[in-house]
Amino acid sequence: MSLISSTFQSLRAKGRKALIPYITTGDPDLDTSLAIMHGLVKAGADIIELGIPFSDPMADGPVIQRSSERALKGKTTVRGVLDVVARFRKTDKTTPVVLMGYGNPIEAMGYEKFSNACKDAGVDGVLIVDYPPEESHELTQMLKMRGIDSIFLLSPTSKDSRMADVGRVATGYIYYVSLKGVTGAASLDLEQVQAMLPRIRAHSPLPVGVGFGIRDARTAHAVAQFADAVVVGSRIVQEIENSSPGDVVGRVGRLVKEMRDAIDA
């Protein structure tokens, strides 16, 4: 059983839902990303999604776009992201880490080299935003051979045939994009999101995490009533953007703790 699966199993036994915060690695720099990761765990994160910065993040809104720009300006590479995971693993061997990014940097590195490097660093899951299931077979097989989960996205426009495709190849969990548009968009239709989850679960027994549009504790609590995991990205990245180097870890930690408490309430 993968670390991601055992984490969800443990949470389910305790009657709790997972909190999955996202940060862009290298924003504002790699050392601070590592410090933020440890702060996220201390604040109650169950799984951490680490973004691989990319020059054309087409699924992301302005907040995460700017974080990628800052990370790339600081010369963050895929190797740099993996090095942060390896350093995190020196003291935390139990919190799953998922890399989230786009296909081009992975293809430039090569699937086999990337998969081996993920295994060596201690990565538990990979989500490639612009890879549909039918174009992911080679990479998912390589990751599977190394015990690494492949996570896929579904959206409000996904048809049942696409849900079935994802249900056949996904491992770890399924990420449901809760609204049409890019990350950081404002309005979340909770009734519509709740209505989609039974359709997804009809095609897969995997936990379903809901992300995009969760910007406060109230919404995190509401989503946790029907989802297996609450994924928070843009709001955390915005907090990083608005913080100074001396207070960023503390500010992000307080924000995540607030959401943790709301989810558990």
# chains A, B, ... in the order shown; residues from 1 in each chain; ligands from 1
call {"tool": "residues_around", "arguments": {"residues": "region 238-252 of chain A", "least_positions_apart": "2", "cutoff": "9 Å", "atoms": "only C-alpha atoms", "output": "ChimeraX atom specification"}}
result
/A:23,27-28,32-33,35-40,43,63-64,66-67,233-236,254-257
call {"tool": "select_by_dssp", "arguments": {"residues": "region 71-194 of chain A", "states": "alpha helix (DSSP H)", "output": "MDAnalysis selection string"}}
result
chainID A and resid 71:73 78:89 103:109 111:121 137:145 160:169 190:194
call {"tool": "closest_residue", "arguments": {"among": "A:Thr25, A:Thr95, A:Ser150, A:Ser10", "to": "Gly44 (chain A)", "atoms": "only C-alpha atoms"}}
result
A:Thr95
call {"tool": "atom_distance", "arguments": {"atom1": "CA of Pro207 (chain A)", "atom2": "CA of Tyr173 (chain A)"}}
result
4.9 Å
call {"tool": "closest_residue", "arguments": {"among": "A:Thr140, A:Thr77, A:Thr91, A:Ser2", "to": "Val41 (chain A)", "atoms": "only C-alpha atoms"}}
result
A:Thr91
